Amino acid sequence: MFPLTVSLLLFEIMESGNTSSDFILLGLLATSPAPGLFIVTLTENALMILLIRRDPRLHTPMYFLLSHLSFMDILHVSNIVPKVIADFLSGRRAISFAGCGIHVFLSLTLLGGECLLLAAMSCDCYVAICHPLRYPVIMSERVSVLMAAGCWLVATLNAMVHTGLVLHLPFCRSRVIDHYFCEIPAMLKLSCADTSSYERGVDMSAILFLLIPLSMICASYVKILLTVLRMKSSEARKKSYSTCSFHMVVVIMYYGPFIFTYMRPKSYHAPGQDKFLAIFYTIVTPMLNPVIYSFRNKDVLTAMKNVLRSSFPYKK
C-alpha cells in the first residue's frame, strides 16, 4: 500500500504547480541530534521487534501492537533525523518541494497512526485487567490485526488529504521554514492565501486523532484504576500498576506536546516553542518507548536473556 500511496503523492506534488523553488529549513537550534542518538533509537526499536517475533510468550495482542509502535518509531526518526544531521554537518539546509511533501506525508501518517495505536493499546490493557476471562475472545488475533491495520489505513488517508491540500497553497512569501522538518503549522505561515478554512480541517483531524483517542485512553485508565483498587492480591495490583503506569508516561509525553502544537491558532505559534515541543514526539518518545515498555517488564527481559543466551551460548 505504501509504495502506491507515495507514487500517487509524488504525482500530486508534480501537478500542484509549486515545484519551482526549494524550501529552506532553519534547523534545530544551534546544535543537532548526535548520530549516536539516531542509531540508538533504531537499535532499540529493531531489538524490540526482534524479541516480539522470536519469543512465543510475546505473541500476544499487546506485544503485536507494540511491534507496530516500534516500526512506526523507526520510520518516523528515519524520516526526520538523518536530514537534520546532514543539514547540520553540511550547512546546506535546502529541501526540494517534493522532499518537503514526502516529509509532511510520512510525518502525518506516522504521528496519526501512533495516536490511534496508543488508544488501541489502552483498550487492550483495559480488557486484560477489567475482563481477564473474556480477553482471549475479545482481543483475538483477528481483532488485533484489524486494529493495527485500521490505524495505518486511517492515518494514511488523513495524511494524503492534508498533504495534497497544503501543497496546493500558494507560497508567495519567503520559502524559509523556521523548523527542522516540514511541519504543517510552520508551512502555513508561508502561505499568502487565507488558510482559515484549511485550519478548520486541521482542527477536525486533531479531534479525530488527538482528542477522541486521548478521551478513550483516559476512560480506559479510570476503569482500570477502579478495577485495580478492588483487587485483593497486592501482587496483582502491583503488576497492573506497573504495566499501565509506563503506558501513561508514553501517552503524556506524546499527546501533550502534540495537542499543544496542532490545536492552537496559527497566530499563537512561536517557532522556538514549536521546535522544542516537536522534539518530544519526533525524537525523544521514539527513543524512550522501548525503554519504557521493557523496564521492569519480566516478559521482555526474559525474552532478551533468551536471545542473548542463544546468540552467545555459555561454554564451560
# chains A, B, ... in the order shown; residues from 1 in each chain; ligands from 1
>>> select_by_dssp(residues="region 65-95 of chain A", states="alpha helix (DSSP H)", output="PyMOL selection string")
chain A and resi 65-90
>>> residues_around(residues="Phe23 (chain A)", least_positions_apart="3", cutoff="12 Å", atoms="only C-alpha atoms", output="mmCIF file with C-alpha atoms, in the first residue's frame")
data_model
loop_
_atom_site.group_PDB
_atom_site.id
_atom_site.type_symbol
_atom_site.label_atom_id
_atom_site.label_comp_id
_atom_site.auth_asym_id
_atom_site.auth_seq_id
_atom_site.Cartn_x
_atom_site.Cartn_y
_atom_site.Cartn_z
ATOM 1 C CA ASN A 18 4.546 24.805 -6.765
ATOM 2 C CA THR A 19 7.727 22.945 -7.714
ATOM 3 C CA SER A 20 9.733 25.960 -8.858
ATOM 4 C CA LEU A 26 16.419 26.725 9.543
ATOM 5 C CA GLY A 27 17.142 23.630 11.605
ATOM 6 C CA ARG A 92 23.063 23.059 3.292
ATOM 7 C CA ARG A 93 19.521 23.476 4.565
ATOM 8 C CA ALA A 94 17.544 23.315 1.320
ATOM 9 C CA ILE A 95 14.830 20.736 0.779
ATOM 10 C CA SER A 96 13.011 20.239 -2.502
ATOM 11 C CA PHE A 97 9.291 20.799 -2.831
ATOM 12 C CA ALA A 98 8.797 17.071 -3.418
ATOM 13 C CA GLY A 99 11.024 16.228 -0.453
ATOM 14 C CA CYS A 100 9.002 18.541 1.754
ATOM 15 C CA GLY A 101 5.809 16.870 0.571
ATOM 16 C CA HIS A 103 8.225 14.822 4.866
ATOM 17 C CA PHE A 171 3.723 30.015 -1.154
ATOM 18 C CA CYS A 172 4.424 33.523 -2.436
ATOM 19 C CA ARG A 173 6.199 34.736 0.682
ATOM 20 C CA SER A 174 9.556 33.568 1.988
ATOM 21 C CA ARG A 175 10.446 29.919 1.434
ATOM 22 C CA VAL A 176 12.270 29.767 4.763
ATOM 23 C CA ILE A 177 10.634 27.311 7.176
ATOM 24 C CA ASP A 178 11.596 28.095 10.771
ATOM 25 C CA HIS A 179 11.670 24.446 11.781
ATOM 26 C CA TYR A 180 13.871 21.378 11.440
ATOM 27 C CA PHE A 181 11.400 19.471 9.243
ATOM 28 C CA CYS A 182 8.402 20.287 7.075
ATOM 29 C CA ALA A 186 5.264 26.119 10.156
ATOM 30 C CA MET A 187 4.334 25.870 6.457
ATOM 31 C CA LEU A 190 4.494 30.980 4.481
#
>>> closest_residue(among="A:His162, A:His168, A:His76, A:Lys305", to="Ile279 (chain A)", atoms="only C-alpha atoms")
A:His76
>>> residues_around(residues="Met147 (chain A)", least_positions_apart="4", cutoff="7 Å", atoms="only C-alpha atoms", output="PyMOL selection string")
chain A and resi 120+143+151
>>> residues_around(residues="region 243-256 of chain A", least_positions_apart="3", cutoff="7 Å", atoms="only C-alpha atoms", output="MDAnalysis selection string")
chainID A and resid 239:240 259:260 280:281 285 289 292:293
>>> write_last_selection(atoms="C-alpha atoms", output="PDB file, in the first residue's frame")
ATOM      1  CA  LYS A 239       1.700  -5.801  38.231  1.00  0.00           C
ATOM      2  CA  SER A 240      -1.286  -3.857  36.894  1.00  0.00           C
ATOM      3  CA  ILE A 259      -2.026  18.714  21.192  1.00  0.00           C
ATOM      4  CA  PHE A 260      -0.302  21.957  22.128  1.00  0.00           C
ATOM      5  CA  PHE A 280       9.273  15.194  22.193  1.00  0.00           C
ATOM      6  CA  TYR A 281       7.104  13.431  19.602  1.00  0.00           C
ATOM      7  CA  THR A 285       9.452   9.488  22.550  1.00  0.00           C
ATOM      8  CA  ASN A 289       9.365   3.883  24.022  1.00  0.00           C
ATOM      9  CA  ILE A 292       9.676   2.405  28.969  1.00  0.00           C
ATOM     10  CA  TYR A 293       7.906  -0.749  27.763  1.00  0.00           C
TER      11      TYR A 293
END
>>> residues_around(residues="Ser144 (chain A)", least_positions_apart="3", cutoff="8 Å", atoms="only C-alpha atoms", output="ChimeraX atom specification")
/A:61,64-65,139-141,147-148
>>> closest_residue(among="A:Gly164, A:Pro265, A:Gly150, A:Pro170", to="Ala119 (chain A)", atoms="only C-alpha atoms")
A:Gly150
>>> decode(residues="region 203-217 of chain A", atoms="all heavy atoms", output="PDB file, in the first residue's frame")
ATOM      1  N   ASP A 203      -8.219  21.219  12.576  1.00  0.00           N
ATOM      2  CA  ASP A 203      -8.892  21.052  13.865  1.00  0.00           C
ATOM      3  C   ASP A 203      -9.747  19.787  13.880  1.00  0.00           C
ATOM      4  O   ASP A 203      -9.793  19.074  14.899  1.00  0.00           O
ATOM      5  CB  ASP A 203      -9.770  22.270  14.165  1.00  0.00           C
ATOM      6  CG  ASP A 203      -8.955  23.532  14.427  1.00  0.00           C
ATOM      7  OD1 ASP A 203      -7.767  23.398  14.776  1.00  0.00           O
ATOM      8  OD2 ASP A 203      -9.499  24.640  14.264  1.00  0.00           O
ATOM      9  N   MET A 204     -10.425  19.508  12.761  1.00  0.00           N
ATOM     10  CA  MET A 204     -11.239  18.287  12.681  1.00  0.00           C
ATOM     11  C   MET A 204     -10.359  17.046  12.812  1.00  0.00           C
ATOM     12  O   MET A 204     -10.701  16.088  13.509  1.00  0.00           O
ATOM     13  CB  MET A 204     -12.015  18.262  11.359  1.00  0.00           C
ATOM     14  CG  MET A 204     -13.068  19.343  11.228  1.00  0.00           C
ATOM     15  SD  MET A 204     -14.412  19.140  12.437  1.00  0.00           S
ATOM     16  CE  MET A 204     -15.143  17.609  11.841  1.00  0.00           C
ATOM     17  N   SER A 205      -9.221  17.067  12.124  1.00  0.00           N
ATOM     18  CA  SER A 205      -8.299  15.928  12.227  1.00  0.00           C
ATOM     19  C   SER A 205      -7.735  15.808  13.634  1.00  0.00           C
ATOM     20  O   SER A 205      -7.525  14.701  14.135  1.00  0.00           O
ATOM     21  CB  SER A 205      -7.159  16.077  11.215  1.00  0.00           C
ATOM     22  OG  SER A 205      -7.637  15.920   9.896  1.00  0.00           O
ATOM     23  N   ALA A 206      -7.478  16.953  14.277  1.00  0.00           N
ATOM     24  CA  ALA A 206      -6.965  16.925  15.648  1.00  0.00           C
ATOM     25  C   ALA A 206      -7.970  16.287  16.595  1.00  0.00           C
ATOM     26  O   ALA A 206      -7.592  15.552  17.520  1.00  0.00           O
ATOM     27  CB  ALA A 206      -6.621  18.338  16.104  1.00  0.00           C
ATOM     28  N   ILE A 207      -9.245  16.560  16.369  1.00  0.00           N
ATOM     29  CA  ILE A 207     -10.284  15.923  17.194  1.00  0.00           C
ATOM     30  C   ILE A 207     -10.267  14.416  16.983  1.00  0.00           C
ATOM     31  O   ILE A 207     -10.342  13.631  17.935  1.00  0.00           O
ATOM     32  CB  ILE A 207     -11.666  16.509  16.854  1.00  0.00           C
ATOM     33  CG1 ILE A 207     -11.744  17.971  17.304  1.00  0.00           C
ATOM     34  CG2 ILE A 207     -12.780  15.700  17.520  1.00  0.00           C
ATOM     35  CD1 ILE A 207     -12.998  18.692  16.858  1.00  0.00           C
ATOM     36  N   LEU A 208     -10.149  13.987  15.719  1.00  0.00           N
ATOM     37  CA  LEU A 208     -10.167  12.559  15.390  1.00  0.00           C
ATOM     38  C   LEU A 208      -8.932  11.840  15.917  1.00  0.00           C
ATOM     39  O   LEU A 208      -9.033  10.725  16.445  1.00  0.00           O
ATOM     40  CB  LEU A 208     -10.267  12.385  13.872  1.00  0.00           C
ATOM     41  CG  LEU A 208     -10.161  10.954  13.329  1.00  0.00           C
ATOM     42  CD1 LEU A 208     -11.312  10.102  13.843  1.00  0.00           C
ATOM     43  CD2 LEU A 208     -10.138  10.959  11.807  1.00  0.00           C
ATOM     44  N   PHE A 209      -7.751  12.450  15.777  1.00  0.00           N
ATOM     45  CA  PHE A 209      -6.505  11.755  16.102  1.00  0.00           C
ATOM     46  C   PHE A 209      -5.954  12.089  17.489  1.00  0.00           C
ATOM     47  O   PHE A 209      -5.072  11.373  17.964  1.00  0.00           O
ATOM     48  CB  PHE A 209      -5.439  12.083  15.053  1.00  0.00           C
ATOM     49  CG  PHE A 209      -5.669  11.404  13.738  1.00  0.00           C
ATOM     50  CD1 PHE A 209      -6.398  12.027  12.739  1.00  0.00           C
ATOM     51  CD2 PHE A 209      -5.169  10.135  13.503  1.00  0.00           C
ATOM     52  CE1 PHE A 209      -6.620  11.398  11.527  1.00  0.00           C
ATOM     53  CE2 PHE A 209      -5.384   9.506  12.297  1.00  0.00           C
ATOM     54  CZ  PHE A 209      -6.116  10.133  11.302  1.00  0.00           C
ATOM     55  N   LEU A 210      -6.450  13.158  18.107  1.00  0.00           N
ATOM     56  CA  LEU A 210      -5.917  13.544  19.410  1.00  0.00           C
ATOM     57  C   LEU A 210      -6.960  13.471  20.523  1.00  0.00           C
ATOM     58  O   LEU A 210      -6.794  12.728  21.486  1.00  0.00           O
ATOM     59  CB  LEU A 210      -5.324  14.950  19.330  1.00  0.00           C
ATOM     60  CG  LEU A 210      -4.088  15.106  18.443  1.00  0.00           C
ATOM     61  CD1 LEU A 210      -3.697  16.576  18.329  1.00  0.00           C
ATOM     62  CD2 LEU A 210      -2.931  14.294  18.989  1.00  0.00           C
ATOM     63  N   LEU A 211      -8.039  14.241  20.385  1.00  0.00           N
ATOM     64  CA  LEU A 211      -8.995  14.330  21.484  1.00  0.00           C
ATOM     65  C   LEU A 211      -9.775  13.035  21.692  1.00  0.00           C
ATOM     66  O   LEU A 211      -9.935  12.581  22.834  1.00  0.00           O
ATOM     67  CB  LEU A 211      -9.961  15.494  21.240  1.00  0.00           C
ATOM     68  CG  LEU A 211      -9.339  16.892  21.270  1.00  0.00           C
ATOM     69  CD1 LEU A 211     -10.428  17.954  21.209  1.00  0.00           C
ATOM     70  CD2 LEU A 211      -8.489  17.082  22.520  1.00  0.00           C
ATOM     71  N   ILE A 212     -10.261  12.419  20.613  1.00  0.00           N
ATOM     72  CA  ILE A 212     -11.035  11.173  20.765  1.00  0.00           C
ATOM     73  C   ILE A 212     -10.164  10.041  21.312  1.00  0.00           C
ATOM     74  O   ILE A 212     -10.546   9.381  22.287  1.00  0.00           O
ATOM     75  CB  ILE A 212     -11.704  10.782  19.434  1.00  0.00           C
ATOM     76  CG1 ILE A 212     -12.790  11.806  19.075  1.00  0.00           C
ATOM     77  CG2 ILE A 212     -12.305   9.373  19.522  1.00  0.00           C
ATOM     78  CD1 ILE A 212     -13.490  11.547  17.752  1.00  0.00           C
ATOM     79  N   PRO A 213      -8.970   9.777  20.722  1.00  0.00           N
ATOM     80  CA  PRO A 213      -8.122   8.731  21.310  1.00  0.00           C
ATOM     81  C   PRO A 213      -7.713   9.030  22.755  1.00  0.00           C
ATOM     82  O   PRO A 213      -7.695   8.126  23.597  1.00  0.00           O
ATOM     83  CB  PRO A 213      -6.894   8.706  20.387  1.00  0.00           C
ATOM     84  CG  PRO A 213      -7.382   9.235  19.091  1.00  0.00           C
ATOM     85  CD  PRO A 213      -8.397  10.275  19.454  1.00  0.00           C
ATOM     86  N   LEU A 214      -7.394  10.301  23.046  1.00  0.00           N
ATOM     87  CA  LEU A 214      -6.998  10.647  24.412  1.00  0.00           C
ATOM     88  C   LEU A 214      -8.153  10.438  25.387  1.00  0.00           C
ATOM     89  O   LEU A 214      -7.954   9.970  26.517  1.00  0.00           O
ATOM     90  CB  LEU A 214      -6.508  12.092  24.465  1.00  0.00           C
ATOM     91  CG  LEU A 214      -5.958  12.566  25.814  1.00  0.00           C
ATOM     92  CD1 LEU A 214      -4.777  11.704  26.247  1.00  0.00           C
ATOM     93  CD2 LEU A 214      -5.539  14.034  25.730  1.00  0.00           C
ATOM     94  N   SER A 215      -9.372  10.754  24.952  1.00  0.00           N
ATOM     95  CA  SER A 215     -10.553  10.524  25.800  1.00  0.00           C
ATOM     96  C   SER A 215     -10.744   9.033  26.049  1.00  0.00           C
ATOM     97  O   SER A 215     -11.076   8.614  27.176  1.00  0.00           O
ATOM     98  CB  SER A 215     -11.802  11.106  25.132  1.00  0.00           C
ATOM     99  OG  SER A 215     -11.683  12.498  24.950  1.00  0.00           O
ATOM    100  N   MET A 216     -10.535   8.217  25.005  1.00  0.00           N
ATOM    101  CA  MET A 216     -10.632   6.766  25.166  1.00  0.00           C
ATOM    102  C   MET A 216      -9.584   6.252  26.144  1.00  0.00           C
ATOM    103  O   MET A 216      -9.861   5.393  26.990  1.00  0.00           O
ATOM    104  CB  MET A 216     -10.465   6.075  23.812  1.00  0.00           C
ATOM    105  CG  MET A 216     -11.600   6.293  22.836  1.00  0.00           C
ATOM    106  SD  MET A 216     -11.238   5.573  21.222  1.00  0.00           S
ATOM    107  CE  MET A 216     -10.992   3.848  21.647  1.00  0.00           C
ATOM    108  N   ILE A 217      -8.368   6.786  26.046  1.00  0.00           N
ATOM    109  CA  ILE A 217      -7.294   6.359  26.944  1.00  0.00           C
ATOM    110  C   ILE A 217      -7.621   6.727  28.387  1.00  0.00           C
ATOM    111  O   ILE A 217      -7.478   5.903  29.300  1.00  0.00           O
ATOM    112  CB  ILE A 217      -5.959   6.988  26.503  1.00  0.00           C
ATOM    113  CG1 ILE A 217      -5.507   6.399  25.167  1.00  0.00           C
ATOM    114  CG2 ILE A 217      -4.884   6.759  27.563  1.00  0.00           C
ATOM    115  CD1 ILE A 217      -4.316   7.102  24.554  1.00  0.00           C
TER     116      ILE A 217
END
